[in-house]
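Comments concern the structure below.
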Amino acid sequence: MESIVSFLNSILWGPWFIYGILLIGLFFSIITRFLQVRLIKDMFVLMFKGEKSEKGISSFQAMSIALSGRVGTGNIAGTATAIAMGGPGAIFWMWAIAFIGAATAYVESTLAQIYKEEKDTEYRGGPAFYIEKGMGQKWFAVIFAVAALIAMLILMPGVQSNAISVAVENAFGMESWITGIIIIVLLAAIIFGGVKSIANVAQVVVPFMALAYILMAIVIIFMNISQVPAVFSLIFSSAFGAQEMFGGIIGSAIAWGVKRGIYSNEAGQGTGAHPAAAAEVSHPAKQGIVQAASVYIDTLLVCSATAFMILFTGMYNVQNEKAAEGTDPFIYTGEFNQNGLTGDEQITFAKSIKEGAAYTQYAVESSLPGIGSGFVAIALFFFAFTTIMAYYYIAETNVAYLFSGQTEKIFIWIAKFAFLIATFFGTIRTSDLAWAMGDVGLGLMVWINVIAILIIMKPAIVALRDYEKQKKEGKDPVFDPRKLGIKGADFWIDYNDKRNKS
């Protein structure tokens, strides 16, 4: 099975895709005139303005669900893995993909709002919906929905639950199967409550845990404040191959920075577009702009917090994945230690530390003894758990797209149980296989979604210009697809007709 998964990843994550996704993000940045810079004030104002309704959730709740998906194990274990395989320079490329990815997030989330539907007293939307309505290609939309179900129900939950079980075992010695049972019991209590239940949990847990995690990083940075210039110099020099030690792995720095950056911030996956469609807003561009902010929060704040804690303390190893067989692949060995080991014993122990959450645990532990392992395990639990919740919401939305009526209800129940089984299985399988399977799921969704939004991006750009035009006129922007010549936005036509009658 591992060989099949590895083969699929070599196709889905080839160099053409890594560099292509960077170019696509840059293209969207240019065509939106770098809205991620120009409209940064709007991002954070609009975040708290939207009001929830009986059918929709607030802008903040929608962003919280999106952040639930974005802020997960990728921020802790994924960032550490990027450093381990691409060196410190991978962090620069994570920042780069976040910056240009904010424009991609705007496009896909605005399209989700434009082409959303009201279904069973709830707003539903996402790539499957905008592919069908915007492209007029039902078959392509079905392919995305099926790919999303495979990824969200089977391939990706295990990455999150596996990271939780590994971190909890490192910190508290709890066996993986026990952690798995605790996770699925808590998860079942939430997902059986529907989207409102998921939104209510996400809007409380995600901001609180992200803030606590960032504050911990700030404490460690201040404890190592004299190293700030050296660490930034290391990141930038390594990113472009100028740092002698890491100069030979510049390709890995870019590849791992982009791959783990996309895994973390999800720009281009289409995942953030699903909760964006559920928001109650007067104009689609509003939620698109808010979702762009969630990419910043995820990578520029939370991922950076992990990177700084690891780099400031030196708690990381760097490997050359292309090293010749039989040679030592370690380019750099960190200062990991246990029971006062020295010399070769210390180096052997350091090399035995598996890349991932353990790096962050050692980093915090080295600065604040007795706290590190437990704090990171708890942080990872909340980050990964809320990501698993978001995955279920996305899966349910795609079930709702594919089916209707009684058939939909039956398949939603099947999805719930399949999801809980996959989540539990993730806690007891190897982390390498969990990540590899997650990469396959991610790659499938990104390929399909990016092709679609490149073809049907025009309505999102038109909506942005309309939003800015109305703002300049001093209005609270309201969306009317008929005036803008946007077809297929049936929800908004009905919405405007009802509003005009009242």
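Following the order of the structure tokens, first chain is A, next is B, and so on, with residues numbered from 1 inside each chain and ligands from 1 in the order they appear.
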Long-range neighbours of segment 124-126 of chain A as a PDB file with N, CA and C atoms, in the first residue's frame, 7 Å cut-off, only C-alpha atoms, 3 positions minimum in chain:
ATOM      1  N   ALA A 112     -17.737  30.592  -3.887  1.00  0.00           N
ATOM      2  CA  ALA A 112     -18.630  29.757  -3.062  1.00  0.00           C
ATOM      3  C   ALA A 112     -19.844  30.545  -2.602  1.00  0.00           C
ATOM      4  N   TYR A 115     -22.298  31.293  -5.746  1.00  0.00           N
ATOM      5  CA  TYR A 115     -23.055  30.146  -6.267  1.00  0.00           C
ATOM      6  C   TYR A 115     -23.617  29.238  -5.166  1.00  0.00           C
ATOM      7  N   LYS A 116     -23.773  29.759  -3.957  1.00  0.00           N
ATOM      8  CA  LYS A 116     -24.300  28.934  -2.867  1.00  0.00           C
ATOM      9  C   LYS A 116     -25.789  28.651  -3.066  1.00  0.00           C
ATOM     10  N   GLU A 117     -26.285  27.689  -2.294  1.00  0.00           N
ATOM     11  CA  GLU A 117     -27.698  27.314  -2.343  1.00  0.00           C
ATOM     12  C   GLU A 117     -28.266  27.289  -0.930  1.00  0.00           C
ATOM     13  N   GLU A 118     -29.589  27.420  -0.864  1.00  0.00           N
ATOM     14  CA  GLU A 118     -30.284  27.193   0.406  1.00  0.00           C
ATOM     15  C   GLU A 118     -30.868  25.785   0.339  1.00  0.00           C
ATOM     16  N   LYS A 119     -30.392  24.913   1.208  1.00  0.00           N
ATOM     17  CA  LYS A 119     -30.805  23.514   1.149  1.00  0.00           C
ATOM     18  C   LYS A 119     -31.137  23.022   2.554  1.00  0.00           C
ATOM     19  N   PHE A 129     -20.412  23.015  -6.026  1.00  0.00           N
ATOM     20  CA  PHE A 129     -21.521  23.899  -6.392  1.00  0.00           C
ATOM     21  C   PHE A 129     -21.080  24.921  -7.435  1.00  0.00           C
ATOM     22  N   TYR A 130     -19.903  25.578  -7.216  1.00  0.00           N
ATOM     23  CA  TYR A 130     -19.518  26.612  -8.182  1.00  0.00           C
ATOM     24  C   TYR A 130     -18.966  26.016  -9.476  1.00  0.00           C
ATOM     25  N   GLY A 270      -9.923  24.405  -1.718  1.00  0.00           N
ATOM     26  CA  GLY A 270     -11.375  24.500  -1.790  1.00  0.00           C
ATOM     27  C   GLY A 270     -12.040  24.189  -0.466  1.00  0.00           C
ATOM     28  N   ALA A 273     -13.620  27.193   1.228  1.00  0.00           N
ATOM     29  CA  ALA A 273     -14.774  27.703   0.489  1.00  0.00           C
ATOM     30  C   ALA A 273     -16.091  27.133   1.018  1.00  0.00           C
ATOM     31  N   HIS A 274     -16.052  25.936   1.580  1.00  0.00           N
ATOM     32  CA  HIS A 274     -17.283  25.313   2.086  1.00  0.00           C
ATOM     33  C   HIS A 274     -17.914  26.110   3.229  1.00  0.00           C
ATOM     34  N   ALA A 277     -19.296  29.655   2.194  1.00  0.00           N
ATOM     35  CA  ALA A 277     -20.619  29.697   1.567  1.00  0.00           C
ATOM     36  C   ALA A 277     -21.738  29.766   2.595  1.00  0.00           C
ATOM     37  N   ALA A 278     -21.478  29.285   3.808  1.00  0.00           N
ATOM     38  CA  ALA A 278     -22.523  29.229   4.844  1.00  0.00           C
ATOM     39  C   ALA A 278     -22.716  30.556   5.567  1.00  0.00           C
ATOM     40  N   THR A 397     -21.119  18.582   3.454  1.00  0.00           N
ATOM     41  CA  THR A 397     -21.542  19.498   2.394  1.00  0.00           C
ATOM     42  C   THR A 397     -21.504  18.820   1.036  1.00  0.00           C
TER      43      THR A 397
END
Per-residue DSSP, segment 244-455 of chain A, filtered to helix (DSSP H, G or I), as a PyMOL selection string
chain A and resi 247-265+273-277+284-313+343-352+357-367+372-402+405-428+431-455
Need the shell around segment 408-421 of chain A: protein/DNA/RNA residues with any atom at most 7 Å away, counting only C-alpha atoms. Skip same-chain ones fewer than 6 positions apart. Format as a ChimeraX atom specification?
/A:153-154,184,396,399-400
Produce a file of the selected residues containing N, CA and C atoms, as a PDB file, in the first residue's frame.
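again26.pdb written:
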ATOM      1  N   LEU A 153     -13.224  12.084   4.341  1.00  0.00           N
ATOM      2  CA  LEU A 153     -13.747  10.981   5.159  1.00  0.00           C
ATOM      3  C   LEU A 153     -12.715   9.903   5.445  1.00  0.00           C
ATOM      4  N   ILE A 154     -11.770   9.691   4.522  1.00  0.00           N
ATOM      5  CA  ILE A 154     -10.887   8.530   4.628  1.00  0.00           C
ATOM      6  C   ILE A 154      -9.409   8.899   4.768  1.00  0.00           C
ATOM      7  N   ILE A 184     -12.891  10.086  19.237  1.00  0.00           N
ATOM      8  CA  ILE A 184     -14.130   9.826  18.490  1.00  0.00           C
ATOM      9  C   ILE A 184     -15.378  10.013  19.360  1.00  0.00           C
ATOM     10  N   GLU A 396     -19.800  16.510   4.768  1.00  0.00           N
ATOM     11  CA  GLU A 396     -21.264  16.561   4.790  1.00  0.00           C
ATOM     12  C   GLU A 396     -21.805  17.475   3.691  1.00  0.00           C
ATOM     13  N   VAL A 399     -21.743  15.546   0.538  1.00  0.00           N
ATOM     14  CA  VAL A 399     -22.839  14.576   0.520  1.00  0.00           C
ATOM     15  C   VAL A 399     -24.135  15.287   0.121  1.00  0.00           C
ATOM     16  N   ALA A 400     -24.354  16.480   0.698  1.00  0.00           N
ATOM     17  CA  ALA A 400     -25.550  17.264   0.385  1.00  0.00           C
ATOM     18  C   ALA A 400     -25.586  17.668  -1.079  1.00  0.00           C
TER      19      ALA A 400
END
Please provide as a VMD selection string all residues within 12 Å of Ile214 of chain A, with the sequence filter that same-chain residues fewer than 2 positions apart are discarded (counting only C-alpha atoms).
chain A and resid 75 to 76 207 to 212 216 to 221 297 to 309 376 379
Could those residues be written to a file, using N, CA and C atoms, as an mmCIF file, in the first residue's frame?
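After the write, out.cif holds the following:
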data_model
loop_
_atom_site.group_PDB
_atom_site.id
_atom_site.type_symbol
_atom_site.label_atom_id
_atom_site.label_comp_id
_atom_site.auth_asym_id
_atom_site.auth_seq_id
_atom_site.Cartn_x
_atom_site.Cartn_y
_atom_site.Cartn_z
ATOM 1 N N ASN A 75 0.312 23.048 11.333
ATOM 2 C CA ASN A 75 0.960 24.190 11.962
ATOM 3 C C ASN A 75 2.063 23.780 12.931
ATOM 4 N N ILE A 76 1.935 22.597 13.523
ATOM 5 C CA ILE A 76 2.926 22.143 14.495
ATOM 6 C C ILE A 76 3.806 21.051 13.883
ATOM 7 N N PRO A 207 -9.837 30.519 18.353
ATOM 8 C CA PRO A 207 -9.142 31.751 18.736
ATOM 9 C C PRO A 207 -8.385 31.622 20.067
ATOM 10 N N PHE A 208 -8.999 30.947 21.042
ATOM 11 C CA PHE A 208 -8.366 30.804 22.357
ATOM 12 C C PHE A 208 -7.052 30.031 22.262
ATOM 13 N N MET A 209 -7.079 28.886 21.573
ATOM 14 C CA MET A 209 -5.887 28.056 21.502
ATOM 15 C C MET A 209 -4.813 28.696 20.648
ATOM 16 N N ALA A 210 -5.201 29.340 19.562
ATOM 17 C CA ALA A 210 -4.220 30.008 18.706
ATOM 18 C C ALA A 210 -3.522 31.122 19.469
ATOM 19 N N LEU A 211 -4.278 31.886 20.252
ATOM 20 C CA LEU A 211 -3.697 32.971 21.030
ATOM 21 C C LEU A 211 -2.729 32.432 22.081
ATOM 22 N N ALA A 212 -3.127 31.369 22.779
ATOM 23 C CA ALA A 212 -2.259 30.776 23.806
ATOM 24 C C ALA A 212 -0.964 30.266 23.187
ATOM 25 N N MET A 216 2.916 31.658 23.841
ATOM 26 C CA MET A 216 4.025 30.788 24.234
ATOM 27 C C MET A 216 5.234 31.050 23.339
ATOM 28 N N ALA A 217 5.004 31.199 22.042
ATOM 29 C CA ALA A 217 6.097 31.476 21.113
ATOM 30 C C ALA A 217 6.761 32.810 21.437
ATOM 31 N N ILE A 218 5.948 33.808 21.784
ATOM 32 C CA ILE A 218 6.490 35.129 22.121
ATOM 33 C C ILE A 218 7.385 35.040 23.355
ATOM 34 N N VAL A 219 6.958 34.259 24.338
ATOM 35 C CA VAL A 219 7.772 34.071 25.554
ATOM 36 C C VAL A 219 9.137 33.489 25.194
ATOM 37 N N ILE A 220 9.133 32.451 24.349
ATOM 38 C CA ILE A 220 10.388 31.806 23.965
ATOM 39 C C ILE A 220 11.258 32.737 23.124
ATOM 40 N N ILE A 221 10.626 33.533 22.256
ATOM 41 C CA ILE A 221 11.389 34.499 21.463
ATOM 42 C C ILE A 221 12.073 35.516 22.371
ATOM 43 N N ILE A 297 -3.626 34.454 9.282
ATOM 44 C CA ILE A 297 -3.623 34.024 10.684
ATOM 45 C C ILE A 297 -2.979 32.643 10.808
ATOM 46 N N ASP A 298 -3.334 31.761 9.907
ATOM 47 C CA ASP A 298 -2.820 30.394 9.963
ATOM 48 C C ASP A 298 -1.306 30.341 9.810
ATOM 49 N N THR A 299 -0.794 30.886 8.709
ATOM 50 C CA THR A 299 0.619 30.688 8.393
ATOM 51 C C THR A 299 1.526 31.758 8.980
ATOM 52 N N LEU A 300 1.162 33.026 8.780
ATOM 53 C CA LEU A 300 2.056 34.090 9.231
ATOM 54 C C LEU A 300 2.099 34.192 10.750
ATOM 55 N N LEU A 301 1.067 33.718 11.438
ATOM 56 C CA LEU A 301 1.076 33.767 12.904
ATOM 57 C C LEU A 301 1.360 32.398 13.527
ATOM 58 N N VAL A 302 0.482 31.421 13.275
ATOM 59 C CA VAL A 302 0.597 30.146 13.998
ATOM 60 C C VAL A 302 1.780 29.315 13.492
ATOM 61 N N CYS A 303 1.934 29.166 12.172
ATOM 62 C CA CYS A 303 3.086 28.416 11.653
ATOM 63 C C CYS A 303 4.399 29.098 12.022
ATOM 64 N N SER A 304 4.410 30.423 11.945
ATOM 65 C CA SER A 304 5.623 31.154 12.318
ATOM 66 C C SER A 304 5.959 30.949 13.783
ATOM 67 N N ALA A 305 4.936 30.866 14.630
ATOM 68 C CA ALA A 305 5.163 30.618 16.056
ATOM 69 C C ALA A 305 5.910 29.299 16.244
ATOM 70 N N THR A 306 5.469 28.256 15.551
ATOM 71 C CA THR A 306 6.149 26.958 15.625
ATOM 72 C C THR A 306 7.582 27.068 15.117
ATOM 73 N N ALA A 307 7.750 27.687 13.957
ATOM 74 C CA ALA A 307 9.078 27.795 13.346
ATOM 75 C C ALA A 307 10.053 28.520 14.266
ATOM 76 N N PHE A 308 9.614 29.625 14.860
ATOM 77 C CA PHE A 308 10.509 30.397 15.722
ATOM 78 C C PHE A 308 10.897 29.619 16.973
ATOM 79 N N MET A 309 9.924 28.917 17.564
ATOM 80 C CA MET A 309 10.252 28.129 18.756
ATOM 81 C C MET A 309 11.302 27.071 18.425
ATOM 82 N N VAL A 376 2.443 21.377 24.256
ATOM 83 C CA VAL A 376 2.327 21.134 22.817
ATOM 84 C C VAL A 376 1.295 20.043 22.543
ATOM 85 N N ALA A 379 -2.063 21.708 22.901
ATOM 86 C CA ALA A 379 -2.281 22.605 21.766
ATOM 87 C C ALA A 379 -2.595 21.806 20.509
#
Could you please determine the separation between atom CA of Thr271 of chain A and atom CA of Asp466 of chain A in Å, to one decimal place?
25.2 Å
